[in-house]
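J.: Starting off with a structure, shown below.
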Amino acid sequence: MNPTRRKFLRNVTAASALLATESIAKPFNIIKDLKKISPNDKIRFATIGMGIQGHQDTKAALRGAPDAEFVAAADLYDGRLTRVKEVFGKDIFTTRDHRQILERKDIDAVLIVTPDHWHDHITKASLQAGKHVYCEKPMVHHINEGLSVIDAWKKSGKTMQVGSQRISSASFKEAKRLFQAGEIGEINYVESNSDRFNSIGAWNYSIPTDASPTTVDWDHYLGDAPKVPFDAKRFFRWRNYQDYGTGVGGDLFVHLITGVHFVTNSLGPERIMSSGELSYWKDGRDVPDVLVSILDYPKTDIHANFQMVLRVNFANAGAIANNTRIIGTEGQIEFTENNLVLTKKKLPKAPGFGGYDSFNTFSESQQQEFKKQYDAQYPEDTRKADPVKEVKFTAPKEDDAHANHFADFFDNIKKGSVGTIEDPIFGFRAAAPVLACNESYFSKKIINWDPVAMKVKKK
């Protein structure tokens with residue numbers, strides 16, 4: 001087995017990086033006339049990958065676009081194809097080979113809900129086949145795949161949405177509104193966590209008793225991953241392995257960073273560093289179950305420079321409060337998918353003196369002189385801070401972020417628009433930093449990233 005295949009981040013040659021960057025820089029004039037779908041027409045879609053998220057996405061798509069029609073599904077395990085017909089109807093077309101779906105002219109859109117190592121391949125093939133694409137996060141398995149996906153999207157003229165649905169929740173939209181209104185002053189720090197304490201949450205998903213090379217198309221599943229003998233764990237628990245997944249970075253950090261980018265309109269960090277370990281789930285996986293990453297964001301025209309700290313702990317037996325805190329000079333926004341608390345707090349203009357302060361070490365005469373100067377410089381009205389203000393927001397009970405995300409996708413298809421809430425450029429700017437978090441962990445090095453050109457900076 002080639003050990004370099006196991007790396008999260010592949011080397012990008014200077015020539016290929018230049019070519020990809022140039023394709024991004026070209027005007028988006030390649031898309032002139034997007035075919036609009038009549039509001040009276042049903043959008044017919046297929047799901048490629050009917051695992052846990054494939055079922056969840058398909059159901060959310062039908063909630064988000066009741067006039068859409070689910071017509072076909074592909075999966076490499078026979079049992080899931082049987083389950084599709086049990087859940088969604090016996091008339092659903094099912095196949096092991098996703099290419100049969102792409103060949104059908106009566107399918108307008110595909111949901112790509114496969115293991116990460118297939119994302120870029122199926123996305124590009126789907127766009128080339130004239131399909132609109134909804135691709136689960138992270139958009140790509142390796143950083144050097146991102147620009148080619150963006151280029152394929154631009155050339156296709158099709159609508160594409162990346163699936164990190166939390167940003168379509170009412171709470172995230174309210175956080176964005178408050179941040180853009182300047183409610184917390186200048187941003188300086190963000191922390192965001194996604195901890196768990198259960199076996200299924202640590203990706204130890206159930207394995208069917210009939211799993212075998214007969215019921216699973218193992219060779220197709222491997223794709224461009226290293227060739228290894230059939231292993232049911234590597235198929236049904238693929239998130240545990242670098243060959244097919246992207247660890248806690250690609251599964252969970254990507255949600256956290258997507259939310260922060262959505263709220264702040266940031267293009268991404270410029271330095272990324274990680275530390276962690278395989279602490280508890282020593283079950284053959286080759287990715288960490290505890291990971292902490294620090295990302296440094298540069299100052300831009302739309303926000304101050306700030307630091308973000310991301311954490312996942314899959315063996316957190318303590319208190320778990322999975323939230324995001326965006327902190328600024330005048331307060332903080334603390335939010336989850338369902339609720340939000342804005343706390344406004346400003347320092348008084350006058351710094352104060354006394355207490356644990358060098359003032360008390362001055363001579364008596366110097367203390368009196370200091371007081372005179374202080375009183376002249378700071379009038380009484382500058383010595384008190386405004387009262388702390390707290391504003392709470394709770395998402396409406398009917399708010400359905402997952403369905404909202406799909407509604408945006410299907411609405412843009414109908415309008416003939418490429419302007420989804422999470423298009424491939426946005427999706428890659430979220431995926432690349434979390435893939436760099438992984439690379440920093442494995443290489444024990446700082447990764448330098450260019451958030452504008454969307455490529456690793458060589459030093």
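Please note that chains go A, B, ... in the order of the structure tokens, that every chain numbers its residues from 1, and that ligands are numbered from 1 in the order shown.
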Using DSSP on the backbone coordinates, identify all residues within stretch 50-256 of chain A classified as strand (DSSP E); present the result as a list in words.

T.: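 Here are the strand (DSSP E) residues of stretch 50-256 of chain A: Glu69, Phe70, Val71, Ala72, Ala73, Ala74, Phe93, Thr94, Thr95, Ala109, Val110, Leu111, Ile112, His132, Val133, Tyr134, Cys135, Glu136, Met160, Gln161, Val162, Gly163, Ile187, Asn188, Tyr189, Val190, Glu191, Ser192 and Asn193 of chain A.
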
J.: Could you write those residues out with N, CA and C atoms, as a CSV table (one decimal), in the first residue's frame?

T.:
chain,number,residue,atom,x,y,z
A,69,GLU,N,-39.8,15.4,-7.0
A,69,GLU,CA,-40.1,14.0,-7.1
A,69,GLU,C,-38.9,13.2,-7.0
A,70,PHE,N,-38.8,12.3,-6.0
A,70,PHE,CA,-37.7,11.3,-5.8
A,70,PHE,C,-38.0,10.1,-6.7
A,71,VAL,N,-37.1,9.9,-7.6
A,71,VAL,CA,-37.3,8.9,-8.6
A,71,VAL,C,-36.3,7.8,-8.7
A,72,ALA,N,-35.1,8.0,-8.1
A,72,ALA,CA,-34.1,7.0,-8.3
A,72,ALA,C,-33.0,7.0,-7.2
A,73,ALA,N,-32.4,5.9,-6.9
A,73,ALA,CA,-31.4,5.8,-5.9
A,73,ALA,C,-30.3,4.9,-6.3
A,74,ALA,N,-29.1,5.2,-5.8
A,74,ALA,CA,-27.9,4.3,-6.1
A,74,ALA,C,-27.3,4.0,-4.7
A,93,PHE,N,-36.6,3.7,-8.9
A,93,PHE,CA,-35.5,3.0,-9.7
A,93,PHE,C,-34.3,2.9,-8.8
A,94,THR,N,-33.7,1.7,-8.6
A,94,THR,CA,-32.5,1.5,-7.8
A,94,THR,C,-31.5,0.8,-8.6
A,95,THR,N,-30.2,1.1,-8.3
A,95,THR,CA,-29.1,0.5,-8.9
A,95,THR,C,-27.8,0.6,-8.1
A,109,ALA,N,-31.8,16.5,-11.1
A,109,ALA,CA,-30.8,16.8,-10.0
A,109,ALA,C,-30.4,15.5,-9.3
A,110,VAL,N,-29.2,15.5,-8.7
A,110,VAL,CA,-28.7,14.4,-7.9
A,110,VAL,C,-28.3,14.9,-6.5
A,111,LEU,N,-28.5,14.1,-5.5
A,111,LEU,CA,-28.0,14.4,-4.2
A,111,LEU,C,-26.8,13.4,-4.0
A,112,ILE,N,-25.6,13.9,-3.8
A,112,ILE,CA,-24.4,13.1,-3.6
A,112,ILE,C,-24.1,12.9,-2.2
A,132,HIS,N,-28.2,19.1,-12.0
A,132,HIS,CA,-28.0,20.0,-10.8
A,132,HIS,C,-27.5,19.1,-9.7
A,133,VAL,N,-26.6,19.7,-8.8
A,133,VAL,CA,-25.9,18.9,-7.8
A,133,VAL,C,-26.1,19.4,-6.4
A,134,TYR,N,-26.5,18.6,-5.5
A,134,TYR,CA,-26.4,18.8,-4.1
A,134,TYR,C,-25.4,17.8,-3.5
A,135,CYS,N,-24.3,18.3,-3.0
A,135,CYS,CA,-23.2,17.5,-2.5
A,135,CYS,C,-23.0,17.7,-1.0
A,136,GLU,N,-23.0,16.6,-0.3
A,136,GLU,CA,-22.8,16.7,1.1
A,136,GLU,C,-21.4,17.2,1.4
A,160,MET,N,-25.6,24.3,-7.9
A,160,MET,CA,-24.9,23.4,-7.0
A,160,MET,C,-25.0,23.9,-5.6
A,161,GLN,N,-25.4,23.1,-4.7
A,161,GLN,CA,-25.4,23.4,-3.3
A,161,GLN,C,-24.6,22.4,-2.5
A,162,VAL,N,-23.8,22.9,-1.5
A,162,VAL,CA,-23.1,22.0,-0.6
A,162,VAL,C,-23.9,21.9,0.7
A,163,GLY,N,-23.9,20.7,1.2
A,163,GLY,CA,-24.8,20.3,2.3
A,163,GLY,C,-24.3,20.5,3.7
A,187,ILE,N,-15.0,42.0,15.9
A,187,ILE,CA,-14.7,40.6,16.3
A,187,ILE,C,-13.2,40.4,16.6
A,188,ASN,N,-12.9,39.5,17.6
A,188,ASN,CA,-11.5,39.2,17.9
A,188,ASN,C,-11.3,37.7,18.2
A,189,TYR,N,-12.4,37.0,18.5
A,189,TYR,CA,-12.2,35.6,18.9
A,189,TYR,C,-13.5,34.8,18.7
A,190,VAL,N,-13.3,33.5,18.3
A,190,VAL,CA,-14.4,32.6,18.1
A,190,VAL,C,-14.0,31.3,18.7
A,191,GLU,N,-14.9,30.6,19.4
A,191,GLU,CA,-14.7,29.2,19.8
A,191,GLU,C,-16.0,28.4,19.4
A,192,SER,N,-15.8,27.2,19.0
A,192,SER,CA,-16.9,26.4,18.6
A,192,SER,C,-16.6,24.9,18.8
A,193,ASN,N,-17.5,24.2,19.4
A,193,ASN,CA,-17.3,22.9,19.9
A,193,ASN,C,-18.4,21.9,19.3

J.: Determine, counting only C-alpha atoms, which protein, DNA and RNA residues have an atom within 10 Å of an atom of A:Gly318; residues of the same chain fewer than 2 positions away are not included. Present the result as a PyMOL selection string.

T.: chain A and resi 195-197+315-316+320-321

J.: For the residues in the current selection, export N, CA, C and O atoms as a PDB file, in the first residue's frame.

T.:
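Dumped to selection-v1.pdb:
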ATOM      1  N   ASP A 195     -18.811  18.124  20.736  1.00  0.00           N
ATOM      2  CA  ASP A 195     -18.375  16.950  21.490  1.00  0.00           C
ATOM      3  C   ASP A 195     -19.462  15.877  21.507  1.00  0.00           C
ATOM      4  O   ASP A 195     -20.646  16.156  21.290  1.00  0.00           O
ATOM      5  N   ARG A 196     -19.052  14.645  21.806  1.00  0.00           N
ATOM      6  CA  ARG A 196     -19.991  13.528  21.889  1.00  0.00           C
ATOM      7  C   ARG A 196     -19.540  12.558  22.975  1.00  0.00           C
ATOM      8  O   ARG A 196     -18.380  12.549  23.371  1.00  0.00           O
ATOM      9  N   PHE A 197     -20.472  11.723  23.406  1.00  0.00           N
ATOM     10  CA  PHE A 197     -20.132  10.690  24.390  1.00  0.00           C
ATOM     11  C   PHE A 197     -21.051   9.496  24.194  1.00  0.00           C
ATOM     12  O   PHE A 197     -21.872   9.158  25.032  1.00  0.00           O
ATOM     13  N   ALA A 315     -14.978  11.558  23.526  1.00  0.00           N
ATOM     14  CA  ALA A 315     -15.052  10.839  24.800  1.00  0.00           C
ATOM     15  C   ALA A 315     -15.226  11.837  25.935  1.00  0.00           C
ATOM     16  O   ALA A 315     -14.565  11.762  26.967  1.00  0.00           O
ATOM     17  N   ASN A 316     -16.139  12.786  25.731  1.00  0.00           N
ATOM     18  CA  ASN A 316     -16.365  13.828  26.723  1.00  0.00           C
ATOM     19  C   ASN A 316     -17.420  13.360  27.724  1.00  0.00           C
ATOM     20  O   ASN A 316     -18.623  13.456  27.484  1.00  0.00           O
ATOM     21  N   ILE A 320     -21.442  18.756  28.204  1.00  0.00           N
ATOM     22  CA  ILE A 320     -21.345  19.012  26.773  1.00  0.00           C
ATOM     23  C   ILE A 320     -22.272  20.165  26.417  1.00  0.00           C
ATOM     24  O   ILE A 320     -23.477  20.101  26.657  1.00  0.00           O
ATOM     25  N   ALA A 321     -21.705  21.219  25.883  1.00  0.00           N
ATOM     26  CA  ALA A 321     -22.488  22.374  25.435  1.00  0.00           C
ATOM     27  C   ALA A 321     -21.982  22.736  24.045  1.00  0.00           C
ATOM     28  O   ALA A 321     -21.085  23.562  23.897  1.00  0.00           O
TER      29      ALA A 321
END

J.: Given the choices A:Met308, A:Ile52, A:Ala430, A:Ile207, which gets closest to A:Thr258 if the distance is worked out from only C-alpha atoms?

T.: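 Of A:Met308, A:Ile52, A:Ala430, A:Ile207, the one nearest A:Thr258 is A:Ala430, counting only C-alpha atoms.
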
J.: Could you check which of A:Val149, A:Ala407, A:Leu267, A:Ala431 is closest to A:Ile43, using only C-alpha atoms?

T.: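 Result for the nearest residue to A:Ile43: A:Ala407.
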
J.: Let me make sure I understand: among A:Met139, A:Val290, A:Val312, A:Met454, which one has the smallest atom-to-atom distance to A:Pro115 if we use only C-alpha atoms?

T.: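 Of A:Met139, A:Val290, A:Val312, A:Met454, the one nearest A:Pro115 is A:Met139, counting only C-alpha atoms.
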
J.: Would you mind listing what lies within 7 Å of A:Thr329 as a list in words, with only C-alpha atoms counted and same-chain residues fewer than 4 positions away left out?

T.: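 Returned residues: Ile184, Gly185, Glu186 and Ile187 of chain A.
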
J.: With a distance cut-off of 12 Å and only C-alpha atoms, select the neighbouring residues of A:Gly201, excluding the residue or stretch itself and same-chain residues fewer than 2 positions from it, and output the selection as an NGL selection string.

T.: :A and (194-199 or 203-206 or 237 or 239-240 or 248 or 251-252 or 281 or 289 or 312-316)

J.: Which one is closest to A:Val418: A:Thr58, A:Thr159, A:Gln366, A:Ser126? Count only C-alpha atoms.

T.: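 Answer, going by the shortest atom-to-atom distance: A:Thr159.
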
J.: Using only C-alpha atoms, pick whichever of A:Ser279, A:Asn322, A:Thr264, A:Thr123 has the shortest atom-to-atom distance to A:His98.

T.: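 For A:His98, the nearest of the given residues is A:Thr123.
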
J.: Name the residues of stretch 142-377 of chain A that come out as helix (DSSP H, G or I) in a backbone DSSP run; write them as a PyMOL selection string.

T.: chain A and resi 143-156+165-168+170-180+218-222+232-236+238-240+247-264+358-361+364-377

J.: With distances taken over only C-alpha atoms, which of A:Asn305, A:Ser293, A:Ser168, A:Thr246 is nearest to A:Ile272?

T.: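 Using only C-alpha atoms, the shortest distance to A:Ile272 belongs to A:Ser293.
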
J.: Would you mind listing, for every residue of stretch 289-353 of chain A within 8 Å of stretch 374-382 of chain A, the two atoms forming the shortest contact and the distance between them in Å to one decimal, using only C-alpha atoms, sorted by chain and ascending residue number, as a Markdown table?

T.:
| residue | atom | partner | partner_atom | distance |
| --- | --- | --- | --- | --- |
| A:Pro348 | CA | A:Thr382 | CA | 6.0 |
| A:Lys349 | CA | A:Thr382 | CA | 5.3 |
| A:Ala350 | CA | A:Thr382 | CA | 5.5 |

J.: So that I can check the surroundings of A:Val341, please list as a count of residues only every protein, DNA and RNA residue that reaches within 7 Å of it, counting only C-alpha atoms and ignoring chain neighbours fewer than 3 positions away.

T.: 7

J.: Can you pull out every residue within 9 Å of A:Leu295, counting only C-alpha atoms, but drop anything in the same chain fewer than 2 positions away, and send it as a PyMOL selection string?

T.: chain A and resi 268-274+293+297+306-310+433+437

J.: Any chance you could export the current selection's N, CA, C and O atoms as a PDB file, in the first residue's frame?

T.:
ATOM      1  N   GLY A 268     -11.925  33.037   4.977  1.00  0.00           N
ATOM      2  CA  GLY A 268     -11.172  31.929   5.550  1.00  0.00           C
ATOM      3  C   GLY A 268      -9.918  32.369   6.276  1.00  0.00           C
ATOM      4  O   GLY A 268      -9.524  33.541   6.237  1.00  0.00           O
ATOM      5  N   PRO A 269      -9.255  31.420   6.935  1.00  0.00           N
ATOM      6  CA  PRO A 269      -8.051  31.708   7.716  1.00  0.00           C
ATOM      7  C   PRO A 269      -6.804  31.726   6.843  1.00  0.00           C
ATOM      8  O   PRO A 269      -6.835  31.318   5.681  1.00  0.00           O
ATOM      9  N   GLU A 270      -5.692  32.184   7.436  1.00  0.00           N
ATOM     10  CA  GLU A 270      -4.419  32.147   6.723  1.00  0.00           C
ATOM     11  C   GLU A 270      -3.390  31.235   7.401  1.00  0.00           C
ATOM     12  O   GLU A 270      -2.404  30.851   6.785  1.00  0.00           O
ATOM     13  N   ARG A 271      -3.626  30.886   8.676  1.00  0.00           N
ATOM     14  CA  ARG A 271      -2.740  29.938   9.368  1.00  0.00           C
ATOM     15  C   ARG A 271      -3.584  28.954  10.143  1.00  0.00           C
ATOM     16  O   ARG A 271      -4.541  29.343  10.815  1.00  0.00           O
ATOM     17  N   ILE A 272      -3.214  27.678  10.062  1.00  0.00           N
ATOM     18  CA  ILE A 272      -3.991  26.627  10.712  1.00  0.00           C
ATOM     19  C   ILE A 272      -3.044  25.691  11.439  1.00  0.00           C
ATOM     20  O   ILE A 272      -2.037  25.252  10.872  1.00  0.00           O
ATOM     21  N   MET A 273      -3.357  25.382  12.696  1.00  0.00           N
ATOM     22  CA  MET A 273      -2.522  24.454  13.458  1.00  0.00           C
ATOM     23  C   MET A 273      -3.410  23.579  14.339  1.00  0.00           C
ATOM     24  O   MET A 273      -4.438  24.045  14.840  1.00  0.00           O
ATOM     25  N   SER A 274      -3.036  22.311  14.507  1.00  0.00           N
ATOM     26  CA  SER A 274      -3.876  21.358  15.242  1.00  0.00           C
ATOM     27  C   SER A 274      -3.070  20.529  16.226  1.00  0.00           C
ATOM     28  O   SER A 274      -1.872  20.298  16.038  1.00  0.00           O
ATOM     29  N   SER A 293      -8.095  22.685  17.054  1.00  0.00           N
ATOM     30  CA  SER A 293      -7.394  23.431  16.003  1.00  0.00           C
ATOM     31  C   SER A 293      -7.541  24.927  16.238  1.00  0.00           C
ATOM     32  O   SER A 293      -8.593  25.398  16.683  1.00  0.00           O
ATOM     33  N   TYR A 297      -7.401  34.255  11.389  1.00  0.00           N
ATOM     34  CA  TYR A 297      -8.069  34.942  10.289  1.00  0.00           C
ATOM     35  C   TYR A 297      -7.495  36.344  10.112  1.00  0.00           C
ATOM     36  O   TYR A 297      -7.392  37.091  11.088  1.00  0.00           O
ATOM     37  N   PHE A 306      -9.091  37.914  13.595  1.00  0.00           N
ATOM     38  CA  PHE A 306      -9.555  37.186  14.776  1.00  0.00           C
ATOM     39  C   PHE A 306      -8.987  35.772  14.773  1.00  0.00           C
ATOM     40  O   PHE A 306      -8.475  35.280  13.765  1.00  0.00           O
ATOM     41  N   GLN A 307      -9.090  35.140  15.921  1.00  0.00           N
ATOM     42  CA  GLN A 307      -8.635  33.760  16.087  1.00  0.00           C
ATOM     43  C   GLN A 307      -9.847  32.874  16.338  1.00  0.00           C
ATOM     44  O   GLN A 307     -10.774  33.258  17.055  1.00  0.00           O
ATOM     45  N   MET A 308      -9.839  31.689  15.719  1.00  0.00           N
ATOM     46  CA  MET A 308     -10.914  30.736  15.966  1.00  0.00           C
ATOM     47  C   MET A 308     -10.324  29.437  16.510  1.00  0.00           C
ATOM     48  O   MET A 308      -9.336  28.934  15.983  1.00  0.00           O
ATOM     49  N   VAL A 309     -10.969  28.904  17.544  1.00  0.00           N
ATOM     50  CA  VAL A 309     -10.560  27.637  18.139  1.00  0.00           C
ATOM     51  C   VAL A 309     -11.708  26.646  17.980  1.00  0.00           C
ATOM     52  O   VAL A 309     -12.839  26.902  18.420  1.00  0.00           O
ATOM     53  N   LEU A 310     -11.420  25.519  17.331  1.00  0.00           N
ATOM     54  CA  LEU A 310     -12.408  24.462  17.120  1.00  0.00           C
ATOM     55  C   LEU A 310     -12.020  23.246  17.955  1.00  0.00           C
ATOM     56  O   LEU A 310     -10.835  22.923  18.067  1.00  0.00           O
ATOM     57  N   PRO A 433      -9.993  24.658   4.887  1.00  0.00           N
ATOM     58  CA  PRO A 433      -9.368  24.849   6.194  1.00  0.00           C
ATOM     59  C   PRO A 433      -9.497  23.638   7.120  1.00  0.00           C
ATOM     60  O   PRO A 433      -8.572  23.351   7.888  1.00  0.00           O
ATOM     61  N   CYS A 437      -6.677  21.430   8.816  1.00  0.00           N
ATOM     62  CA  CYS A 437      -6.611  21.065  10.239  1.00  0.00           C
ATOM     63  C   CYS A 437      -6.110  19.626  10.374  1.00  0.00           C
ATOM     64  O   CYS A 437      -5.271  19.323  11.232  1.00  0.00           O
TER      65      CYS A 437
END

J.: Excluding A:Arg80 and any residue of its chain fewer than 5 positions from it, enumerate the residues within 12 Å of it, using only C-alpha atoms, and give them as a PyMOL selection string.

T.: chain A and resi 47-52+54-55+73-75+85-88+94-96+207-208+210-211+215-216+236

J.: I need the residues from that last selection saved to file as a compact mmCIF listing (two decimals), in the first residue's frame (with N, CA, C and O atoms), if you can.

T.:
# COMPACT_ATOMS: atom_id res chain seq x y z
N THR A 47 -30.93 10.16 -5.44
CA THR A 47 -29.93 10.21 -4.37
C THR A 47 -28.89 9.13 -4.61
O THR A 47 -29.24 7.95 -4.80
N ILE A 48 -27.63 9.54 -4.61
CA ILE A 48 -26.52 8.61 -4.79
C ILE A 48 -25.85 8.42 -3.44
O ILE A 48 -25.18 9.32 -2.94
N GLY A 49 -26.08 7.26 -2.85
CA GLY A 49 -25.60 6.98 -1.50
C GLY A 49 -26.76 7.00 -0.52
O GLY A 49 -27.18 8.07 -0.08
N MET A 50 -27.30 5.83 -0.19
CA MET A 50 -28.49 5.76 0.66
C MET A 50 -28.17 5.24 2.05
O MET A 50 -28.86 4.41 2.62
N GLY A 51 -27.06 5.78 2.63
CA GLY A 51 -26.74 5.47 4.01
C GLY A 51 -27.55 6.35 4.95
O GLY A 51 -28.63 6.84 4.60
N ILE A 52 -27.02 6.59 6.13
CA ILE A 52 -27.74 7.38 7.14
C ILE A 52 -28.11 8.75 6.59
O ILE A 52 -29.27 9.15 6.58
N GLY A 54 -27.95 9.79 3.52
CA GLY A 54 -28.71 9.70 2.29
C GLY A 54 -30.19 9.65 2.56
O GLY A 54 -30.99 10.32 1.88
N HIS A 55 -30.60 8.87 3.55
CA HIS A 55 -32.01 8.82 3.94
C HIS A 55 -32.46 10.17 4.50
O HIS A 55 -33.55 10.66 4.16
N ALA A 73 -32.39 5.90 -6.92
CA ALA A 73 -31.38 5.84 -5.88
C ALA A 73 -30.29 4.86 -6.26
O ALA A 73 -30.56 3.84 -6.90
N ALA A 74 -29.08 5.18 -5.84
CA ALA A 74 -27.95 4.27 -6.06
C ALA A 74 -27.27 4.01 -4.72
O ALA A 74 -27.12 4.93 -3.90
N ASP A 75 -26.85 2.79 -4.52
CA ASP A 75 -26.06 2.44 -3.35
C ASP A 75 -25.32 1.15 -3.65
O ASP A 75 -25.76 0.34 -4.49
N LYS A 85 -37.01 1.04 -1.48
CA LYS A 85 -38.34 0.70 -1.97
C LYS A 85 -39.33 0.53 -0.82
O LYS A 85 -40.52 0.86 -0.95
N GLU A 86 -38.85 0.05 0.34
CA GLU A 86 -39.72 -0.10 1.50
C GLU A 86 -40.15 1.26 2.05
O GLU A 86 -41.29 1.43 2.50
N VAL A 87 -39.24 2.22 2.03
CA VAL A 87 -39.52 3.53 2.64
C VAL A 87 -40.17 4.49 1.65
O VAL A 87 -41.13 5.20 1.98
N PHE A 88 -39.65 4.53 0.43
CA PHE A 88 -40.07 5.58 -0.51
C PHE A 88 -40.98 5.07 -1.64
O PHE A 88 -41.49 5.88 -2.40
N THR A 94 -33.73 1.68 -8.65
CA THR A 94 -32.55 1.50 -7.81
C THR A 94 -31.46 0.79 -8.60
O THR A 94 -31.72 -0.03 -9.48
N THR A 95 -30.22 1.12 -8.26
CA THR A 95 -29.08 0.54 -8.95
C THR A 95 -27.84 0.62 -8.07
O THR A 95 -27.72 1.50 -7.22
N ARG A 96 -26.93 -0.32 -8.29
CA ARG A 96 -25.62 -0.23 -7.64
C ARG A 96 -24.75 0.82 -8.33
O ARG A 96 -23.86 1.39 -7.71
N ILE A 207 -23.69 -2.75 11.70
CA ILE A 207 -23.30 -3.46 10.49
C ILE A 207 -24.28 -4.60 10.25
O ILE A 207 -24.51 -5.42 11.15
N PRO A 208 -24.88 -4.69 9.07
CA PRO A 208 -25.87 -5.74 8.82
C PRO A 208 -25.22 -7.12 8.83
O PRO A 208 -24.06 -7.29 8.49
N ASP A 210 -25.72 -9.54 6.89
CA ASP A 210 -25.47 -10.14 5.57
C ASP A 210 -24.37 -9.41 4.79
O ASP A 210 -24.20 -9.64 3.59
N ALA A 211 -23.62 -8.53 5.46
CA ALA A 211 -22.56 -7.79 4.76
C ALA A 211 -21.50 -8.76 4.25
O ALA A 211 -20.91 -9.52 5.03
N THR A 215 -23.05 -9.00 -1.25
CA THR A 215 -24.10 -7.98 -1.07
C THR A 215 -23.56 -6.56 -1.18
O THR A 215 -24.34 -5.61 -1.24
N VAL A 216 -22.23 -6.40 -1.19
CA VAL A 216 -21.59 -5.09 -1.29
C VAL A 216 -20.67 -5.07 -2.51
O VAL A 216 -19.88 -6.00 -2.70
N PHE A 236 -19.15 0.25 6.29
CA PHE A 236 -20.26 0.82 7.05
C PHE A 236 -19.81 1.84 8.09
O PHE A 236 -20.62 2.63 8.58
